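A short write-up of the structure that comes next.
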Amino acid sequence: MSATCTFPDRLRQAVLFEALGLAIVTPAGTYFFDQSASHMSIVGIFASTLATLWNFVFNLGFDHTMLRLFGQTTKTFATRIVHAALFEIGFLVMLIPPVSWYLDMSLWATFVMDLSIAIFYMVYAFGFNLSYDRIFPGAAKRADDAA
């Protein structure tokens, strides 16, 4: 079982992930994209909220589509690649216009900024989750003991 299989563990992981991510992205965005800290904070909170909502809606819709088309929701490696790509494309399509407007940037500059942040978050998520599982090993032990 995963180290984050209980509601409190999953909640702690999500809150820590978002808080630490914003604590890194806000000053980095301020520096690399010549934006104010307040603007980058607002963009970060907006993007985080949108990503959470989109994650719920997209995954629900994707699973329903798989059920309708294939009669099941088991995902192969190829399906997972399509799933991730469609999620990110949809997220960028929803995120870029309001961020571009809010920061008064061109769509291209906003795309480059969002792509840079998305790449950071992929690397960050890997490192964060690896570290989280090592910092909170008791959650994994409790899950194993319960099984």
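Identifiers for the structure tokens are assigned positionally: chains receive A, B, ... in sequence, residues are indexed from 1 per chain, and ligands are indexed from 1 in the order shown.
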* Using only C-alpha atoms, which residues sit within 12 Å of stretch 85-96 of chain A once same-chain residues fewer than 5 positions away are excluded, as a PyMOL selection string? -> chain A and resi 43-62+78-80+101-119+121-122
* Nearest-residue call for A:Ser38, choices A:Phe70, A:Leu22, A:Pro97, A:Ala14, using only C-alpha atoms ->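 That would be A:Leu22, the residue with the smallest distance to A:Ser38.
Shortest separation to A:Leu16 among A:Tyr132, A:Thr30, A:Pro137, A:Leu69 occurs at residue A:Tyr132, atoms counted being only C-alpha atoms.
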* Asked: Taking only C-alpha atoms into account, which of A:Ile42, A:Ala19, A:Val99, A:Met66 comes nearest A:His83?
  ->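 Among A:Ile42, A:Ala19, A:Val99, A:Met66, it is A:Met66 that comes nearest to A:His83.
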* **Among the residues A:Thr76, A:Asn129, A:Ser36, A:Ser41, the one that comes closest to A:Ala23 [using only C-alpha atoms]** =>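 Of A:Thr76, A:Asn129, A:Ser36, A:Ser41, the one nearest A:Ala23, counting only C-alpha atoms, is A:Ser41.
When atom CA of A:Glu18 is paired with atom CA of A:Phe120, their separation reads 13.1 Å.
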